Amino acid sequence: MKRLAVLLSLLASTASAETLYFSAIPDDDETKLVERFGAVADYLSAELGVDVAYVPVKSYAAAVLAFRNDQIQLGWFGGLSGVQARALVPGSTAIAQGEEDQSFVTYFIANEATGIEASEDFPDLAGRSFTFGSQGSTSGRLMPEFYIREKTGQAPEELFSDVGFSGDHGQTLRLVASGAYEVGALNYTVYDQAKADGAPEADQAHVIWQTPPYPDYNWTIRGDVDARFGEGFTAKVQQALLSLTDPELLASFPRASFIPAENGFYQPIEDTARQLDIID
């Protein structure tokens, strides 16, 4: 009996020592992301009673791959990358989204020198040079491409003189502000934050149109975490996210708060991605 008790104690110790790894799509500068999500890891570790570590990745595709390969068990994904990740790992679920993610929008921005004015109608962009963000971005590629096609009847390659992919939203703003591209599309929160911070790029590129709202970012967790960390662990992670009230931590996303999410919320994103042949 004594040996059995010691063995059970060792097993419990081993289980409790397992680390929960999470990552986030790299929608901004990597240095900023490490700072932002290192603090989030500390918060989650304190709330969950297990070690939590942030794993930086180089691309949206790498975030999805890390989730598929079990290198991370929790991910802060965009709408499209979340759909892709959950499709690759049966049983995984979206458990939370930002309050703002119920009705997210993309800004189309233009360099000041273009003379393009803000409008409620989709602007005439024929012949302009244009940059998306990452190829796997919901707000930086999927939804802007959807509306470009819907509003003009043309593919981006047909409408624009040059089409690029900047890699992240901050870089899209910098490229348009510098004049490297005349027009671009990016996550509205990144532009609004740059404007609030007084970033000079926000003075050199202005918003000319915004998309109708759509669902976007989400926290998605693998379906096997309860077996690994204990019964009810998924619910515990969800509650920790919903209970996050620290203004500095929320500002790092930036979100006002997190609210419950479920896979069905992102069906419009999946439908749009299939329509554009971005996913099978």
# chains A, B, ... in the order shown; residues from 1 in each chain; ligands from 1
$ closest_atom_pairs --of "range 218-253 of chain A" --to "range 100-111 of chain A" --cutoff "12 Å" --atoms "only C-alpha atoms" --output "JSON lines"
{"residue": "A:Asn218", "atom": "CA", "partner": "A:Asp101", "partner_atom": "CA", "distance": 7.7}
{"residue": "A:Trp219", "atom": "CA", "partner": "A:Asp101", "partner_atom": "CA", "distance": 11.0}
{"residue": "A:Leu250", "atom": "CA", "partner": "A:Glu100", "partner_atom": "CA", "distance": 11.8}
{"residue": "A:Phe253", "atom": "CA", "partner": "A:Glu100", "partner_atom": "CA", "distance": 10.7}
$ residues_around --residues "range 177-186 of chain A" --least-positions-apart "2" --cutoff "7 Å" --atoms "only C-alpha atoms" --output "ChimeraX atom specification"
/A:106-111,114,128-133,139-140,144,169,172-175,188,201,204-205
$ write_last_selection --atoms "N, CA, C and O atoms" --output "CSV table (one decimal), in the first residue's frame"
chain,number,residue,atom,x,y,z
A,106,THR,N,-12.6,45.4,-41.4
A,106,THR,CA,-11.3,45.7,-42.0
A,106,THR,C,-11.3,47.1,-42.6
A,106,THR,O,-12.3,47.6,-43.1
A,107,TYR,N,-10.2,47.8,-42.3
A,107,TYR,CA,-10.1,49.2,-42.9
A,107,TYR,C,-9.3,49.0,-44.3
A,107,TYR,O,-8.3,48.3,-44.3
A,108,PHE,N,-9.8,49.7,-45.3
A,108,PHE,CA,-9.0,50.0,-46.5
A,108,PHE,C,-8.4,51.3,-46.3
A,108,PHE,O,-9.1,52.3,-46.0
A,109,ILE,N,-7.1,51.4,-46.4
A,109,ILE,CA,-6.4,52.7,-46.2
A,109,ILE,C,-5.6,53.1,-47.5
A,109,ILE,O,-5.3,52.2,-48.3
A,110,ALA,N,-5.4,54.4,-47.7
A,110,ALA,CA,-4.7,54.9,-48.8
A,110,ALA,C,-3.6,55.9,-48.4
A,110,ALA,O,-3.8,56.6,-47.5
A,111,ASN,N,-2.5,55.9,-49.2
A,111,ASN,CA,-1.5,56.9,-48.9
A,111,ASN,C,-2.1,58.3,-49.2
A,111,ASN,O,-2.9,58.5,-50.2
A,114,THR,N,-2.4,59.8,-52.8
A,114,THR,CA,-3.3,59.3,-53.8
A,114,THR,C,-4.5,60.2,-54.0
A,114,THR,O,-5.1,60.2,-55.1
A,128,ARG,N,-4.5,50.8,-59.1
A,128,ARG,CA,-3.7,51.2,-58.0
A,128,ARG,C,-2.9,50.0,-57.5
A,128,ARG,O,-3.2,48.8,-57.8
A,129,SER,N,-1.8,50.2,-56.8
A,129,SER,CA,-1.0,49.1,-56.2
A,129,SER,C,-1.6,48.9,-54.8
A,129,SER,O,-2.0,49.8,-54.1
A,130,PHE,N,-1.6,47.6,-54.4
A,130,PHE,CA,-2.4,47.2,-53.2
A,130,PHE,C,-1.7,46.1,-52.5
A,130,PHE,O,-1.1,45.2,-53.1
A,131,THR,N,-1.7,46.2,-51.1
A,131,THR,CA,-1.1,45.2,-50.3
A,131,THR,C,-2.1,44.6,-49.3
A,131,THR,O,-2.8,45.4,-48.6
A,132,PHE,N,-2.2,43.3,-49.2
A,132,PHE,CA,-2.9,42.6,-48.2
A,132,PHE,C,-1.9,42.5,-47.0
A,132,PHE,O,-0.8,43.0,-47.1
A,133,GLY,N,-2.4,41.8,-45.9
A,133,GLY,CA,-1.5,41.5,-44.8
A,133,GLY,C,-0.9,40.1,-45.0
A,133,GLY,O,-0.3,39.9,-46.1
A,139,SER,N,-8.8,39.4,-41.4
A,139,SER,CA,-9.0,40.8,-41.6
A,139,SER,C,-8.1,41.4,-42.6
A,139,SER,O,-8.4,42.4,-43.2
A,140,GLY,N,-6.9,40.8,-42.9
A,140,GLY,CA,-5.9,41.3,-43.8
A,140,GLY,C,-5.9,40.7,-45.2
A,140,GLY,O,-5.3,41.3,-46.1
A,144,PRO,N,-11.1,41.3,-47.0
A,144,PRO,CA,-11.0,42.3,-48.0
A,144,PRO,C,-11.0,41.7,-49.4
A,144,PRO,O,-11.6,42.4,-50.3
A,169,HIS,N,-0.3,43.3,-40.1
A,169,HIS,CA,-1.0,44.5,-40.2
A,169,HIS,C,-0.2,45.8,-40.0
A,169,HIS,O,-0.4,46.8,-40.7
A,172,THR,N,1.6,46.4,-43.1
A,172,THR,CA,0.7,47.0,-44.1
A,172,THR,C,0.6,48.5,-44.0
A,172,THR,O,0.7,49.3,-44.9
A,173,LEU,N,0.4,49.0,-42.7
A,173,LEU,CA,0.3,50.4,-42.5
A,173,LEU,C,1.6,51.1,-42.9
A,173,LEU,O,1.6,52.2,-43.5
A,174,ARG,N,2.7,50.5,-42.5
A,174,ARG,CA,4.0,51.2,-42.9
A,174,ARG,C,4.2,51.2,-44.4
A,174,ARG,O,4.7,52.3,-44.9
A,175,LEU,N,3.9,50.2,-45.1
A,175,LEU,CA,4.1,50.2,-46.5
A,175,LEU,C,3.2,51.2,-47.3
A,175,LEU,O,3.7,51.8,-48.2
A,188,TYR,N,-8.7,46.8,-38.2
A,188,TYR,CA,-9.1,48.1,-37.8
A,188,TYR,C,-8.4,48.5,-36.4
A,188,TYR,O,-8.1,49.7,-36.1
A,201,GLU,N,2.9,57.1,-39.1
A,201,GLU,CA,2.3,56.3,-40.3
A,201,GLU,C,0.8,56.6,-40.4
A,201,GLU,O,0.3,56.6,-41.5
A,204,GLN,N,0.1,59.5,-42.5
A,204,GLN,CA,0.4,59.4,-43.9
A,204,GLN,C,-0.5,58.5,-44.7
A,204,GLN,O,-0.5,58.4,-45.9
A,205,ALA,N,-1.3,57.8,-44.0
A,205,ALA,CA,-2.3,56.8,-44.6
A,205,ALA,C,-3.6,57.0,-43.9
A,205,ALA,O,-3.7,56.9,-42.6
$ closest_residue --among "A:Thr19, A:Thr93, A:Ser45, A:Ser257" --to "Ile72 in chain A" --atoms "only C-alpha atoms"
A:Thr19
$ select_by_dssp --residues "range 43-226 of chain A" --states "alpha helix (DSSP H)" --output "ChimeraX atom specification"
/A:43-48,60-68,79-88,143-152,156-159,169-178,188-196,201-204,225-226
$ closest_residue --among "A:Val237, A:Ala199, A:Val207, A:Ile148" --to "Asp124 in chain A" --atoms "only C-alpha atoms"
A:Ile148
$ residues_around --residues "Phe258 in chain A" --least-positions-apart "6" --cutoff "8 Å" --atoms "only C-alpha atoms" --output "MDAnalysis selection string"
chainID A and resid 96:99 241:244
$ write_last_selection --atoms "C-alpha atoms" --output "PDB file, in the first residue's frame"
ATOM      1  CA  ALA A  96     -13.688  32.720 -26.146  1.00  0.00           C
ATOM      2  CA  GLN A  97     -13.575  35.776 -28.363  1.00  0.00           C
ATOM      3  CA  GLY A  98     -13.032  39.447 -27.760  1.00  0.00           C
ATOM      4  CA  GLU A  99     -16.130  41.526 -27.211  1.00  0.00           C
ATOM      5  CA  LEU A 241     -10.125  34.124 -20.125  1.00  0.00           C
ATOM      6  CA  LEU A 242     -13.622  35.417 -19.413  1.00  0.00           C
ATOM      7  CA  SER A 243     -12.440  36.663 -16.009  1.00  0.00           C
ATOM      8  CA  LEU A 244      -9.512  38.617 -17.433  1.00  0.00           C
TER       9      LEU A 244
END
$ closest_residue --among "A:Ala261, A:Asp27, A:Val176, A:Gly127" --to "Glu157 in chain A" --atoms "only C-alpha atoms"
A:Gly127
$ atom_distance --atom1 "CA of Leu65 in chain A" --atom2 "CA of Gly82 in chain A"
11.4 Å
$ residues_around --residues "Ser119 in chain A" --least-positions-apart "2" --cutoff "7 Å" --atoms "only C-alpha atoms" --output "PyMOL selection string"
chain A and resi 117+121-123+208-209
$ residues_around --residues "Val89 in chain A" --least-positions-apart "6" --cutoff "12 Å" --atoms "only C-alpha atoms" --output "ChimeraX atom specification"
/A:64-70,72-74,82-83,220-224
$ write_last_selection --atoms "N, CA and C atoms" --output "compact mmCIF listing (two decimals), in the first residue's frame"
# COMPACT_ATOMS: atom_id res chain seq x y z
N VAL A 64 -1.03 27.51 -36.99
CA VAL A 64 -1.96 26.40 -37.25
C VAL A 64 -1.23 25.07 -37.18
N LEU A 65 -0.03 25.02 -37.75
CA LEU A 65 0.76 23.79 -37.75
C LEU A 65 1.16 23.39 -36.34
N ALA A 66 1.54 24.36 -35.52
CA ALA A 66 1.91 24.08 -34.13
C ALA A 66 0.73 23.50 -33.36
N PHE A 67 -0.46 23.99 -33.64
CA PHE A 67 -1.67 23.47 -33.00
C PHE A 67 -1.93 22.03 -33.46
N ARG A 68 -1.81 21.80 -34.76
CA ARG A 68 -2.03 20.45 -35.29
C ARG A 68 -1.04 19.46 -34.70
N ASN A 69 0.22 19.87 -34.56
CA ASN A 69 1.28 18.98 -34.10
C ASN A 69 1.38 18.89 -32.58
N ASP A 70 0.44 19.52 -31.87
CA ASP A 70 0.42 19.48 -30.41
C ASP A 70 1.62 20.18 -29.78
N ILE A 72 1.44 23.36 -29.38
CA ILE A 72 0.64 24.24 -28.53
C ILE A 72 -0.72 23.58 -28.34
N GLN A 73 -1.35 23.85 -27.21
CA GLN A 73 -2.67 23.29 -26.94
C GLN A 73 -3.76 24.37 -26.96
N LEU A 74 -3.33 25.62 -26.98
CA LEU A 74 -4.26 26.76 -26.95
C LEU A 74 -3.74 27.81 -27.92
N GLY A 82 -8.38 30.03 -37.10
CA GLY A 82 -9.10 29.21 -36.14
C GLY A 82 -9.88 28.10 -36.81
N VAL A 83 -10.56 28.44 -37.91
CA VAL A 83 -11.28 27.43 -38.69
C VAL A 83 -10.32 26.36 -39.18
N THR A 220 -8.91 29.17 -29.25
CA THR A 220 -9.28 27.79 -29.57
C THR A 220 -8.39 26.83 -28.79
N ILE A 221 -9.00 25.78 -28.24
CA ILE A 221 -8.27 24.83 -27.41
C ILE A 221 -8.45 23.41 -27.94
N ARG A 222 -7.41 22.61 -27.80
CA ARG A 222 -7.48 21.21 -28.25
C ARG A 222 -8.46 20.41 -27.39
N GLY A 223 -9.04 19.39 -28.02
CA GLY A 223 -10.06 18.60 -27.33
C GLY A 223 -9.51 17.60 -26.33
N ASP A 224 -8.18 17.43 -26.28
CA ASP A 224 -7.62 16.41 -25.39
C ASP A 224 -7.06 17.00 -24.09
$ residues_around --residues "Pro268 in chain A" --least-positions-apart "5" --cutoff "10 Å" --atoms "only C-alpha atoms" --output "list in words"
Gly79, Leu80, Tyr214, Pro215, Ala273 and Arg274 of chain A
$ write_last_selection --atoms "N, CA, C and O atoms" --output "PDB file, in the first residue's frame"
ATOM      1  N   GLY A  79     -10.140  34.531 -37.363  1.00  0.00           N
ATOM      2  CA  GLY A  79     -11.295  33.723 -37.759  1.00  0.00           C
ATOM      3  C   GLY A  79     -10.907  32.592 -38.688  1.00  0.00           C
ATOM      4  O   GLY A  79     -11.290  31.432 -38.480  1.00  0.00           O
ATOM      5  N   LEU A  80     -10.121  32.888 -39.731  1.00  0.00           N
ATOM      6  CA  LEU A  80      -9.733  31.880 -40.709  1.00  0.00           C
ATOM      7  C   LEU A  80      -8.763  30.873 -40.132  1.00  0.00           C
ATOM      8  O   LEU A  80      -8.949  29.658 -40.295  1.00  0.00           O
ATOM      9  N   TYR A 214     -17.989  41.264 -39.416  1.00  0.00           N
ATOM     10  CA  TYR A 214     -17.890  39.801 -39.535  1.00  0.00           C
ATOM     11  C   TYR A 214     -17.239  39.257 -38.265  1.00  0.00           C
ATOM     12  O   TYR A 214     -16.579  40.011 -37.535  1.00  0.00           O
ATOM     13  N   PRO A 215     -17.381  37.969 -37.942  1.00  0.00           N
ATOM     14  CA  PRO A 215     -16.728  37.393 -36.753  1.00  0.00           C
ATOM     15  C   PRO A 215     -15.241  37.181 -37.015  1.00  0.00           C
ATOM     16  O   PRO A 215     -14.851  36.865 -38.142  1.00  0.00           O
ATOM     17  N   ALA A 273     -14.169  31.290 -47.007  1.00  0.00           N
ATOM     18  CA  ALA A 273     -12.884  30.699 -47.395  1.00  0.00           C
ATOM     19  C   ALA A 273     -13.075  29.609 -48.444  1.00  0.00           C
ATOM     20  O   ALA A 273     -12.266  29.473 -49.376  1.00  0.00           O
ATOM     21  N   ARG A 274     -14.132  28.840 -48.326  1.00  0.00           N
ATOM     22  CA  ARG A 274     -14.403  27.817 -49.338  1.00  0.00           C
ATOM     23  C   ARG A 274     -14.808  28.457 -50.663  1.00  0.00           C
ATOM     24  O   ARG A 274     -14.418  27.992 -51.749  1.00  0.00           O
TER      25      ARG A 274
END
$ select_by_dssp --residues "range 3-191 of chain A" --states "strand (DSSP E or B)" --output "PyMOL selection string"
chain A and resi 20-24+52-54+74-77+93-98+104+106-111+129-132+162-165+183-187
$ closest_residue --among "A:Ile278, A:Ala85, A:Leu249, A:Val50" --to "Leu33 in chain A" --atoms "only C-alpha atoms"
A:Leu249
